[in-house]
Amino acid sequence: MTHRLLILLIAAICGLWGCATGGSDRVVERPVVRYATTNMLTIDRVELSDTATVVRFTAHFRPGWWVKIAPDSYLRVDGKEYTITDTCGFCPGQPIIMPDNGAHSFSISFEPIPADASSFDFIEGHETYDGFDLFGIDLTGRLDPFAVPVIPDTATVPGADAHRTPRIQLDEAAVPVKIQMLNWTPGLMDNVMLSASDFEICLRLDSTGAAQAELPLDFPQRVHVNSLRNVYYGSFVTAPGDTAIVYLDAMAGSDRARGLAIVPKRLWAKGLYEKVNECLDDDTIFDNLHRRFFAPVFKDYQQPGEKFVEAITDAYRKAYRQLASYNLSPMQADLAAARLDLALLLDAKEYREMFAIEYENSHFGRQLPLDSIKTTLSREHLADIGASVDAGNPTLLLLDSWKRGLYDGTYSGSELYDNLTAYAKAIKKARQGTLSSDDTQLPGMPHLAKKCKQLNDNIITRLKDIRKPAIERLPDTKAESIVEAIVARHPGKVVLVAFWNPMSYLFQPKEFNESDVVLVNITDTSCPLPEIYLYAACLKGYNYIVSEEQALELWRKYRIDTLPYYIIADRRGELYFGPDLRNYSWLLSKIEERL
């Protein structure tokens with residue numbers, strides 16, 4: 001090595017050493033950030049001296065993509081700004097191209113902040129909205145990111161306890177909601193977003209961190225809360241007749257900066273559904289179960305469909321066993337179980353998107369081309385998965401499943417859901433276009449009556465333009481004997497009876513011709529009549545529609561847990577039924593045995 005090269009090497013090493021350490025009187029490792037607008041920027045170390053404040057960052061983003069740091073970024077302490085004096089590892093205002101590991105470390109030197117400062121803010125540029133802003137960077141080591149703020153002792157609604165939800169009175173008024181931000185100071189953020197399946201409302205916080213709105217709800221619904229800077233706080237259930245008071249913890253932004261996949265509770269909601277809301281996201285029970293058991297199933301995006309079905313149903317069973325081991329209140333267990341049911345249904349329905357998300361999460365943000373996903377699920381696969389779930393569980397209504405068509409409205413007798421069932425039954429009649437004037441005489445519910453009338457008129461209009469399939473007349477017998485009476489119409493034949501609705505994954509055997517197996521399709525009135533007609537027109541065999549009361553009797557007799565559900569009648573009329581028949585290969589074998 002030449003003398004010149006040796007001098008250059010020593011100089012380079014010294015330069016790198018200066019960039020990596022630097023003189024300092026005080027060092028804070030991995031300081032807690034009170035609120036962050038991004039999870040793309042984390043602070044590894046802060047070095048404080050009387051000549052400079054050096055902040056060492058790591059930027060996180062997709063490999064090959066880039067981020068920028070504005071050249072006029074600054075630190076702020078008690079309203080005073082401290083500007084950039086030097087940088088290392090990047091050029092302010094120029095793109096930082098992310099390497100293959102999706103992380104790039106760099107440092108920025110600022111003017112020295114006061115020696116007695118207990119915290120400071122990092123603001124990325126004066127003109128950059130939605131920039132990389134980190135507020136309340138703690139220098140004391142005393143800020144606990146998992147601490148629960150003091151929730152004001154707000155008066156709750158009388159009767160809102162763990163076992164009873166007061167009956168909802170629907171009227172023309174929208175649902176009032178009051179928002180209060182905790183752990184917040186002016187300038188921390190500007191807006192909060194409330195969203196559900198039917199609306200998205202942006203609220204501007206006032207100087208006290210408060211805001212209020214009226215939500216356009218016709219039925220109980222789950223509402224999600226975000227800031228416009230993409231920070232998620234949680235969700236709450238509310239309904240017409242309620243006045244919800246929602247407290248948010250601004251530390252939710254800190255969770256993003258610390259890269260937490262499962263975050264502490266950051267939302268508390270008072271009102272009619274207070275106890276439900278306490279359990280909804282409490283202790284992140286569902287998030288832990290889903291992350292632990294469900295997410296790994298989506299790591300292999302080339303697995304055969306049969307293997308995926310086995311893996312996702314096994315994960316579901318393991319998650320349920322884990323849930324059963326927890327010491328939970330009945331309501332907590334009920335909600336967590338319903339969320340597992342809903343997760344299984346939706347993960348299976350949206351399996352391609354789930355594969356893409358899991359790939360991106362485990363490959364430093366790289367995206368998976370959808371045509372690379374080799375796993376393909378047939379209707380039979382989806383039916384096998386759905387065999388584990390009670391899709392008619394009314395608890396699912398509180399999880400915004402109304403719009404997903406997972407609630408049948410035939411449940412009664414539960415104090416918690418009586419009001420939901422009454423509404424579901426009224427809506428169901430309107431969906432069939434059979435609403436009478438008597439059905440709209442609902443005391444204290446004029447808004448519901450109006451909505452039902454509008455829906456009923458719309459259904460009648462749609463039915464005029466739909467080709468109606470052949471619908472057979474039901475046997476003149478008691479509800480509990482309907483299946484036997486239908487089977488008796490086909491003496492000496494093997495009959496496959498399928499209970500279905502347009503949301504169920506019904507499959508019909510193609511391996512047998514009509515002379516071997518008679519197909520009978522029975523649906524109830526849980527779906528709009530036009531959708532029933534459109535779907536039934538595509539089915540082979542004989543179509544029947546039973547009333548709500550008849551369906552309930554049949555469900556009880558044959559222990560129908562969810563749809564589709566199958567019954568096989570042999571040539572002598574003896575019946576075989578059970579959820580195992582949703583396994584397509586098993587169904588075929590059982591039919592073969594009876595031929």
# chains A, B, ... in the order shown; residues from 1 in each chain; ligands from 1
$ residues_around --residues "Met40 of chain A" --least-positions-apart "4" --cutoff "7 Å" --atoms "only C-alpha atoms" --output "mmCIF file with N, CA, C and O atoms, in the first residue's frame"
data_model
loop_
_atom_site.group_PDB
_atom_site.id
_atom_site.type_symbol
_atom_site.label_atom_id
_atom_site.label_comp_id
_atom_site.auth_asym_id
_atom_site.auth_seq_id
_atom_site.Cartn_x
_atom_site.Cartn_y
_atom_site.Cartn_z
ATOM 1 N N ALA A 59 -34.293 5.122 7.931
ATOM 2 C CA ALA A 59 -35.471 5.206 7.068
ATOM 3 C C ALA A 59 -35.834 3.798 6.610
ATOM 4 O O ALA A 59 -34.948 2.988 6.298
ATOM 5 N N HIS A 60 -37.131 3.496 6.579
ATOM 6 C CA HIS A 60 -37.617 2.169 6.183
ATOM 7 C C HIS A 60 -38.606 2.335 5.029
ATOM 8 O O HIS A 60 -39.572 3.090 5.134
ATOM 9 N N PHE A 61 -38.342 1.637 3.933
ATOM 10 C CA PHE A 61 -39.250 1.716 2.792
ATOM 11 C C PHE A 61 -38.962 0.546 1.864
ATOM 12 O O PHE A 61 -38.024 -0.237 2.091
#
$ select_by_dssp --residues "segment 227-352 of chain A" --states "strand (DSSP E or B)" --output "list in words"
Ser227, Tyr232, Tyr233, Gly234, Ser235, Phe236, Val237, Thr238, Ala244, Ile245, Val246, Tyr247, Leu248, Asp249, Leu267, Trp268, Ala269 and Lys270 of chain A
$ closest_residue --among "A:Met331, A:Leu370, A:Val309, A:Ile482" --to "Glu274 of chain A" --atoms "only C-alpha atoms"
A:Met331
$ residues_around --residues "segment 104-108 of chain A" --least-positions-apart "4" --cutoff "6 Å" --atoms "only C-alpha atoms" --output "list in words"
Val54, Val55, Arg56, Phe57, Thr58, Ala59, Thr87, Cys88 and Gly89 of chain A
$ atom_distance --atom1 "atom CA of Val389 of chain A" --atom2 "atom CA of Leu346 of chain A"
11.4 Å
$ residues_around --residues "Tyr301 of chain A" --least-positions-apart "5" --cutoff "8 Å" --atoms "only C-alpha atoms" --output "NGL selection string"
:A and (355 or 372-375)
$ atom_distance --atom1 "atom CA of Ile123 of chain A" --atom2 "atom CA of Glu81 of chain A"
9.4 Å
$ residues_around --residues "Ala569 of chain A" --least-positions-apart "6" --cutoff "6 Å" --atoms "only C-alpha atoms" --output "list in words"
Val494, Val495 and Leu575 of chain A
$ write_last_selection --atoms "N, CA and C atoms" --output "short mmCIF file (atom, residue, chain, number, x, y, z; two decimals), in the first residue's frame"
data_model
loop_
_atom_site.label_atom_id
_atom_site.label_comp_id
_atom_site.auth_asym_id
_atom_site.auth_seq_id
_atom_site.Cartn_x
_atom_site.Cartn_y
_atom_site.Cartn_z
N VAL A 494 -82.06 -41.34 -5.26
CA VAL A 494 -81.16 -40.69 -4.31
C VAL A 494 -81.35 -39.19 -4.47
N VAL A 495 -81.61 -38.49 -3.38
CA VAL A 495 -81.91 -37.06 -3.44
C VAL A 495 -80.85 -36.29 -2.64
N LEU A 575 -82.30 -40.39 5.74
CA LEU A 575 -81.51 -39.16 5.59
C LEU A 575 -80.16 -39.26 6.27
#
$ atom_distance --atom1 "atom CA of His381 of chain A" --atom2 "atom CA of Ser585 of chain A"
10.3 Å
$ residues_around --residues "Gly79 of chain A" --least-positions-apart "4" --cutoff "10 Å" --atoms "only C-alpha atoms" --output "list of chain:residue names"
A:Leu75, A:Phe120, A:Asp121
$ closest_residue --among "A:Pro31, A:Gly386, A:Gly131, A:Gly136" --to "Val77 of chain A" --atoms "only C-alpha atoms"
A:Gly136
$ residues_around --residues "segment 537-549 of chain A" --least-positions-apart "5" --cutoff "8 Å" --atoms "only C-alpha atoms" --output "PyMOL selection string"
chain A and resi 410+468-474+508+518-526
$ write_last_selection --atoms "C-alpha atoms" --output "mmCIF file, in the first residue's frame"
data_model
loop_
_atom_site.group_PDB
_atom_site.id
_atom_site.type_symbol
_atom_site.label_atom_id
_atom_site.label_comp_id
_atom_site.auth_asym_id
_atom_site.auth_seq_id
_atom_site.Cartn_x
_atom_site.Cartn_y
_atom_site.Cartn_z
ATOM 1 C CA THR A 410 -83.689 -15.242 12.536
ATOM 2 C CA LYS A 468 -88.146 -15.682 -12.578
ATOM 3 C CA PRO A 469 -86.908 -19.288 -12.368
ATOM 4 C CA ALA A 470 -89.216 -22.193 -11.679
ATOM 5 C CA ILE A 471 -90.065 -22.238 -7.961
ATOM 6 C CA GLU A 472 -91.816 -25.380 -6.763
ATOM 7 C CA ARG A 473 -94.797 -25.354 -4.432
ATOM 8 C CA LEU A 474 -93.908 -26.463 -0.944
ATOM 9 C CA GLN A 508 -73.619 -29.155 -7.216
ATOM 10 C CA VAL A 518 -82.183 -35.658 -7.887
ATOM 11 C CA LEU A 519 -80.980 -32.189 -6.862
ATOM 12 C CA VAL A 520 -83.193 -30.137 -4.535
ATOM 13 C CA ASN A 521 -82.275 -26.559 -3.645
ATOM 14 C CA ILE A 522 -83.894 -24.860 -0.643
ATOM 15 C CA THR A 523 -83.304 -21.220 0.245
ATOM 16 C CA ASP A 524 -84.875 -18.946 2.825
ATOM 17 C CA THR A 525 -85.774 -15.264 2.847
ATOM 18 C CA SER A 526 -82.528 -13.949 4.296
#
$ closest_residue --among "A:Thr477, A:Thr434, A:Ser197, A:Thr376" --to "Asn456 of chain A" --atoms "only C-alpha atoms"
A:Thr434
$ select_by_dssp --residues "segment 89-299 of chain A" --states "alpha helix (DSSP H)" --output "mmCIF file with all heavy atoms, in the first residue's frame"
data_model
loop_
_atom_site.group_PDB
_atom_site.id
_atom_site.type_symbol
_atom_site.label_atom_id
_atom_site.label_comp_id
_atom_site.auth_asym_id
_atom_site.auth_seq_id
_atom_site.Cartn_x
_atom_site.Cartn_y
_atom_site.Cartn_z
ATOM 1 N N ALA A 252 -50.833 6.731 19.776
ATOM 2 C CA ALA A 252 -50.954 5.757 18.688
ATOM 3 C C ALA A 252 -49.887 6.004 17.628
ATOM 4 O O ALA A 252 -49.409 5.071 16.984
ATOM 5 C CB ALA A 252 -52.344 5.827 18.061
ATOM 6 N N GLY A 253 -49.512 7.266 17.433
ATOM 7 C CA GLY A 253 -48.462 7.573 16.471
ATOM 8 C C GLY A 253 -47.111 7.031 16.890
ATOM 9 O O GLY A 253 -46.278 6.686 16.057
ATOM 10 N N SER A 254 -46.887 6.955 18.202
ATOM 11 C CA SER A 254 -45.639 6.386 18.702
ATOM 12 C C SER A 254 -45.533 4.913 18.327
ATOM 13 O O SER A 254 -44.453 4.417 18.030
ATOM 14 C CB SER A 254 -45.562 6.550 20.218
ATOM 15 O OG SER A 254 -44.439 5.887 20.747
ATOM 16 N N ASP A 255 -46.661 4.220 18.341
ATOM 17 C CA ASP A 255 -46.638 2.810 17.964
ATOM 18 C C ASP A 255 -46.113 2.641 16.541
ATOM 19 O O ASP A 255 -45.374 1.705 16.250
ATOM 20 C CB ASP A 255 -48.052 2.220 18.046
ATOM 21 C CG ASP A 255 -48.665 2.402 19.424
ATOM 22 O OD1 ASP A 255 -47.892 2.419 20.400
ATOM 23 O OD2 ASP A 255 -49.892 2.524 19.511
ATOM 24 N N ARG A 256 -46.490 3.557 15.664
ATOM 25 C CA ARG A 256 -46.031 3.486 14.280
ATOM 26 C C ARG A 256 -44.518 3.701 14.211
ATOM 27 O O ARG A 256 -43.814 2.996 13.507
ATOM 28 C CB ARG A 256 -46.756 4.520 13.425
ATOM 29 C CG ARG A 256 -48.222 4.234 13.229
ATOM 30 C CD ARG A 256 -48.905 5.351 12.459
ATOM 31 N NE ARG A 256 -48.314 5.538 11.153
ATOM 32 C CZ ARG A 256 -48.606 4.828 10.082
ATOM 33 N NH1 ARG A 256 -49.472 3.835 10.170
ATOM 34 N NH2 ARG A 256 -48.042 5.071 8.914
ATOM 35 N N ALA A 257 -44.021 4.693 14.938
ATOM 36 C CA ALA A 257 -42.596 4.998 14.888
ATOM 37 C C ALA A 257 -41.757 3.851 15.441
ATOM 38 O O ALA A 257 -40.623 3.643 15.017
ATOM 39 C CB ALA A 257 -42.299 6.276 15.671
ATOM 40 N N GLU A 274 -70.968 0.511 25.424
ATOM 41 C CA GLU A 274 -69.722 0.709 26.161
ATOM 42 C C GLU A 274 -69.033 -0.613 26.489
ATOM 43 O O GLU A 274 -67.822 -0.760 26.286
ATOM 44 C CB GLU A 274 -69.990 1.488 27.445
ATOM 45 C CG GLU A 274 -68.748 1.719 28.274
ATOM 46 C CD GLU A 274 -69.021 2.611 29.474
ATOM 47 O OE1 GLU A 274 -70.096 3.255 29.506
ATOM 48 O OE2 GLU A 274 -68.177 2.654 30.363
ATOM 49 N N LYS A 275 -69.781 -1.588 26.995
ATOM 50 C CA LYS A 275 -69.177 -2.863 27.371
ATOM 51 C C LYS A 275 -68.713 -3.637 26.145
ATOM 52 O O LYS A 275 -67.692 -4.316 26.171
ATOM 53 C CB LYS A 275 -70.159 -3.696 28.197
ATOM 54 C CG LYS A 275 -70.510 -3.071 29.543
ATOM 55 C CD LYS A 275 -69.263 -2.867 30.394
ATOM 56 C CE LYS A 275 -69.609 -2.248 31.730
ATOM 57 N NZ LYS A 275 -68.397 -2.009 32.552
ATOM 58 N N VAL A 276 -69.478 -3.540 25.066
ATOM 59 C CA VAL A 276 -69.046 -4.170 23.820
ATOM 60 C C VAL A 276 -67.747 -3.535 23.352
ATOM 61 O O VAL A 276 -66.796 -4.223 22.953
ATOM 62 C CB VAL A 276 -70.130 -4.033 22.734
ATOM 63 C CG1 VAL A 276 -69.609 -4.515 21.382
ATOM 64 C CG2 VAL A 276 -71.371 -4.810 23.130
ATOM 65 N N ASN A 277 -67.680 -2.203 23.403
ATOM 66 C CA ASN A 277 -66.480 -1.505 22.948
ATOM 67 C C ASN A 277 -65.275 -1.786 23.833
ATOM 68 O O ASN A 277 -64.134 -1.799 23.363
ATOM 69 C CB ASN A 277 -66.750 0.002 22.880
ATOM 70 C CG ASN A 277 -67.696 0.368 21.746
ATOM 71 O OD1 ASN A 277 -67.621 -0.229 20.671
ATOM 72 N ND2 ASN A 277 -68.589 1.311 21.982
ATOM 73 N N GLU A 278 -65.514 -2.006 25.115
ATOM 74 C CA GLU A 278 -64.418 -2.355 26.011
ATOM 75 C C GLU A 278 -63.775 -3.668 25.579
ATOM 76 O O GLU A 278 -62.567 -3.853 25.702
ATOM 77 C CB GLU A 278 -64.915 -2.484 27.457
ATOM 78 C CG GLU A 278 -65.154 -1.161 28.149
ATOM 79 C CD GLU A 278 -65.624 -1.362 29.583
ATOM 80 O OE1 GLU A 278 -65.641 -2.529 30.045
ATOM 81 O OE2 GLU A 278 -65.971 -0.369 30.231
ATOM 82 N N CYS A 279 -64.588 -4.573 25.084
ATOM 83 C CA CYS A 279 -64.089 -5.892 24.712
ATOM 84 C C CYS A 279 -63.612 -5.968 23.268
ATOM 85 O O CYS A 279 -62.841 -6.867 22.918
ATOM 86 C CB CYS A 279 -65.189 -6.941 24.909
ATOM 87 S SG CYS A 279 -65.784 -7.078 26.607
ATOM 88 N N LEU A 280 -64.078 -5.057 22.428
ATOM 89 C CA LEU A 280 -63.875 -5.186 20.992
ATOM 90 C C LEU A 280 -62.402 -5.279 20.620
ATOM 91 O O LEU A 280 -61.978 -6.180 19.899
ATOM 92 C CB LEU A 280 -64.529 -4.010 20.265
ATOM 93 C CG LEU A 280 -64.591 -4.118 18.743
ATOM 94 C CD1 LEU A 280 -65.378 -5.337 18.315
ATOM 95 C CD2 LEU A 280 -65.192 -2.858 18.146
ATOM 96 N N ILE A 285 -56.640 -9.188 21.693
ATOM 97 C CA ILE A 285 -56.774 -10.650 21.708
ATOM 98 C C ILE A 285 -56.825 -11.203 20.283
ATOM 99 O O ILE A 285 -56.049 -12.090 19.903
ATOM 100 C CB ILE A 285 -58.043 -11.056 22.475
ATOM 101 C CG1 ILE A 285 -57.913 -10.670 23.946
ATOM 102 C CG2 ILE A 285 -58.297 -12.554 22.334
ATOM 103 C CD1 ILE A 285 -59.211 -10.790 24.715
ATOM 104 N N PHE A 286 -57.741 -10.655 19.493
ATOM 105 C CA PHE A 286 -57.894 -11.175 18.143
ATOM 106 C C PHE A 286 -56.633 -10.940 17.312
ATOM 107 O O PHE A 286 -56.203 -11.819 16.557
ATOM 108 C CB PHE A 286 -59.097 -10.530 17.453
ATOM 109 C CG PHE A 286 -59.110 -10.741 15.972
ATOM 110 C CD1 PHE A 286 -59.493 -11.955 15.437
ATOM 111 C CD2 PHE A 286 -58.706 -9.734 15.105
ATOM 112 C CE1 PHE A 286 -59.480 -12.165 14.071
ATOM 113 C CE2 PHE A 286 -58.694 -9.938 13.744
ATOM 114 C CZ PHE A 286 -59.090 -11.157 13.226
ATOM 115 N N ASP A 287 -56.030 -9.745 17.430
ATOM 116 C CA ASP A 287 -54.851 -9.435 16.619
ATOM 117 C C ASP A 287 -53.721 -10.422 16.892
ATOM 118 O O ASP A 287 -53.031 -10.866 15.979
ATOM 119 C CB ASP A 287 -54.386 -8.004 16.913
ATOM 120 C CG ASP A 287 -55.450 -6.980 16.563
ATOM 121 O OD1 ASP A 287 -55.895 -6.960 15.408
ATOM 122 O OD2 ASP A 287 -55.854 -6.224 17.451
ATOM 123 N N ASN A 288 -53.515 -10.754 18.168
ATOM 124 C CA ASN A 288 -52.481 -11.723 18.512
ATOM 125 C C ASN A 288 -52.785 -13.095 17.927
ATOM 126 O O ASN A 288 -51.894 -13.761 17.384
ATOM 127 C CB ASN A 288 -52.345 -11.825 20.037
ATOM 128 C CG ASN A 288 -51.540 -10.693 20.628
ATOM 129 O OD1 ASN A 288 -50.317 -10.661 20.500
ATOM 130 N ND2 ASN A 288 -52.215 -9.751 21.262
ATOM 131 N N LEU A 289 -54.047 -13.520 18.043
ATOM 132 C CA LEU A 289 -54.424 -14.829 17.521
ATOM 133 C C LEU A 289 -54.279 -14.877 15.999
ATOM 134 O O LEU A 289 -53.768 -15.862 15.446
ATOM 135 C CB LEU A 289 -55.864 -15.157 17.921
ATOM 136 C CG LEU A 289 -56.115 -15.407 19.411
ATOM 137 C CD1 LEU A 289 -57.613 -15.547 19.676
ATOM 138 C CD2 LEU A 289 -55.381 -16.655 19.883
#
